[in-house]
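In what follows, a structure is listed as structure tokens, so that the remarks can point back to it.
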Amino acid sequence: MKNSPRFKRVVVKISGETIGDTDEGILNSEKIRTVSEEIIDIFKAGVQVALVVGGGNIVRGHELSKKSSIQPVTADYMGMMATVINALALQDTLEKRGAQTRVMSALQVQQVAEPFIRRRSIRHLEKGRIVILAAGTGSPHFTTDTAAALKAAEINSDVLIKATTKVDGVYDSDPLTNTKAHRYKTISYLDVINKGLKIMDLTAISLCMENKIPIIVFNIMEKGSLKEIIFGKEKGTTIHSFATKLAG
């Protein structure tokens, strides 16, 4: 590994399931602690860190609208509010470990979060604060993956890092159901789109491709793996504009 961080500024996308229990729709304190410790490790290494958090452990908008009489737009707004709850949980846990943080929301919830203002968010990062970006894009019909890609472009992030808990990268088929699935070491944006791989939605992939922002997909529950990535070790799968390559 390198002696200095490979990236100066990163956006880390954390799903709601990463810090919660989907079945019961609650937060999981042990998962929050684990994720926070991984984030603190790279923060202490001098990396500017912005987090985008999902809300699927509480409300997943498109699923809620399918299972109930709630219309899709309303369900999406409920999902955005769920991300604010998760952001506050992360903020409190990170601050207990010595980090300065700011929650910035794409929806106005001024009692608990600042509005997202691009220049202000960059200034927070420059001042050594972890910025937690909540409420997705602030608009229905867009996922928090798309919000992560959008925010990575807005704050000039060097990379978008997608943290998962079930897989350690991008595979040619579902490794949870196919034992012969192969992980990609690297894969191009276009191959992700053309092969119909479901690691992120197409809008997020397209945004990163247009803005030349590499995406790294990895399992955050592998202790120390996020810091290893930050310091140059190849882990998980990197999505970028270069050739696709299977892991060895």
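Residues are named by chain letter and number: chains run A, B, ... in the order of the structure tokens, numbers start at 1 in each chain, and ligands are numbered from 1 in the order shown.
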Residues within 10 Å of A:Asn57, only C-alpha atoms, excluding chain neighbours under 3 positions, as a PyMOL selection string: chain A and resi 15-28+54+60+79+82-83+86
Next, the residues of the selection above should be written as a compact mmCIF listing (two decimals), in the first residue's frame with N, CA and C atoms.
```
# COMPACT_ATOMS: atom_id res chain seq x y z
N SER A 15 -25.87 2.21 2.18
CA SER A 15 -27.29 1.89 2.10
C SER A 15 -27.90 1.83 3.49
N GLY A 16 -29.22 1.95 3.56
CA GLY A 16 -29.88 1.81 4.85
C GLY A 16 -29.67 0.45 5.46
N GLU A 17 -29.64 -0.58 4.61
CA GLU A 17 -29.43 -1.94 5.10
C GLU A 17 -28.07 -2.12 5.75
N THR A 18 -27.10 -1.28 5.36
CA THR A 18 -25.76 -1.37 5.93
C THR A 18 -25.75 -1.04 7.41
N ILE A 19 -26.68 -0.19 7.85
CA ILE A 19 -26.69 0.22 9.25
C ILE A 19 -27.99 -0.18 9.96
N GLY A 20 -28.84 -0.95 9.28
CA GLY A 20 -30.11 -1.30 9.90
C GLY A 20 -30.52 -2.72 9.64
N ASP A 21 -31.68 -3.06 10.16
CA ASP A 21 -32.27 -4.39 9.98
C ASP A 21 -33.52 -4.24 9.14
N THR A 22 -33.44 -4.64 7.87
CA THR A 22 -34.53 -4.44 6.94
C THR A 22 -35.82 -5.11 7.41
N ASP A 23 -35.73 -6.29 7.98
CA ASP A 23 -36.92 -7.05 8.36
C ASP A 23 -37.76 -6.32 9.40
N GLU A 24 -37.09 -5.64 10.33
CA GLU A 24 -37.81 -4.98 11.40
C GLU A 24 -37.89 -3.47 11.20
N GLY A 25 -37.17 -2.94 10.22
CA GLY A 25 -37.22 -1.51 9.97
C GLY A 25 -36.64 -0.67 11.08
N ILE A 26 -35.55 -1.13 11.68
CA ILE A 26 -34.93 -0.40 12.78
C ILE A 26 -33.44 -0.24 12.53
N LEU A 27 -32.81 0.60 13.34
CA LEU A 27 -31.37 0.77 13.29
C LEU A 27 -30.69 -0.35 14.07
N ASN A 28 -29.49 -0.70 13.61
CA ASN A 28 -28.69 -1.72 14.28
C ASN A 28 -27.44 -1.04 14.82
N GLY A 54 -28.64 5.89 2.53
CA GLY A 54 -29.96 5.49 2.07
C GLY A 54 -30.92 5.34 3.25
N ARG A 60 -38.50 1.99 1.96
CA ARG A 60 -38.02 1.95 0.59
C ARG A 60 -39.20 2.38 -0.29
N GLY A 79 -39.30 7.93 1.96
CA GLY A 79 -37.97 7.33 1.91
C GLY A 79 -36.88 8.35 2.14
N ALA A 82 -36.61 9.06 5.72
CA ALA A 82 -35.93 7.95 6.41
C ALA A 82 -34.42 8.13 6.37
N THR A 83 -33.89 8.66 5.27
CA THR A 83 -32.44 8.87 5.19
C THR A 83 -31.97 9.91 6.19
N ASN A 86 -31.39 8.11 9.45
CA ASN A 86 -30.13 7.37 9.40
C ASN A 86 -28.93 8.32 9.49
```
How many Å separate atom CA of A:Arg118 from atom CA of A:Gly46? 20.9 Å
Which residues are near A:Val159? Cut-off 12 Å, only C-alpha atoms, ignore same chain within fewer than 5 positions. Put them as a PyMOL selection string. chain A and resi 6-13+47-50+148-153+208-209+211-217+229-230+238-240
Quick one: DSSP alpha helix (DSSP H) residues in stretch 23-188 of chain A, as a PyMOL selection string? chain A and resi 29-44+61-67+72-96+118-126+144-154
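For the choices A:Leu107, A:Val170, A:Ala243, A:Met80, the atom-to-atom distance to A:Gly196 is smallest for A:Val170 when using only C-alpha atoms.
The nearest approach to A:Gln91 among the residues A:Gly136, A:Ser36, A:Ile187, A:Ala106, with only C-alpha atoms taken into account, belongs to A:Ser36.
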Write out as a PDB file with N, CA and C atoms, in the first residue's frame the residues lying within 6 Å of A:Ala163, counting only C-alpha atoms and excluding same-chain residues fewer than 4 positions away.
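Once everything was written out, this is around-v8.pdb:
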```pdb
ATOM      1  N   LYS A  13     -21.061   5.944  -0.380  1.00  0.00           N
ATOM      2  CA  LYS A  13     -22.504   5.671  -0.371  1.00  0.00           C
ATOM      3  C   LYS A  13     -22.774   4.487   0.552  1.00  0.00           C
ATOM      4  N   ILE A  14     -23.635   4.722   1.537  1.00  0.00           N
ATOM      5  CA  ILE A  14     -23.991   3.695   2.516  1.00  0.00           C
ATOM      6  C   ILE A  14     -25.488   3.436   2.410  1.00  0.00           C
ATOM      7  N   PHE A 218     -17.307  -2.351  -2.772  1.00  0.00           N
ATOM      8  CA  PHE A 218     -16.597  -3.251  -1.856  1.00  0.00           C
ATOM      9  C   PHE A 218     -17.501  -3.584  -0.678  1.00  0.00           C
ATOM     10  N   ASN A 219     -17.074  -4.543   0.133  1.00  0.00           N
ATOM     11  CA  ASN A 219     -17.810  -4.942   1.325  1.00  0.00           C
ATOM     12  C   ASN A 219     -17.240  -4.218   2.542  1.00  0.00           C
ATOM     13  N   ILE A 220     -18.015  -3.303   3.098  1.00  0.00           N
ATOM     14  CA  ILE A 220     -17.521  -2.489   4.209  1.00  0.00           C
ATOM     15  C   ILE A 220     -17.409  -3.278   5.509  1.00  0.00           C
TER      16      ILE A 220
END
```
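Take the candidates A:Gly169, A:Ser139, A:Ala204, A:Asp174 and check each one against A:Glu234 using only C-alpha atoms; the shortest distance goes to A:Gly169.
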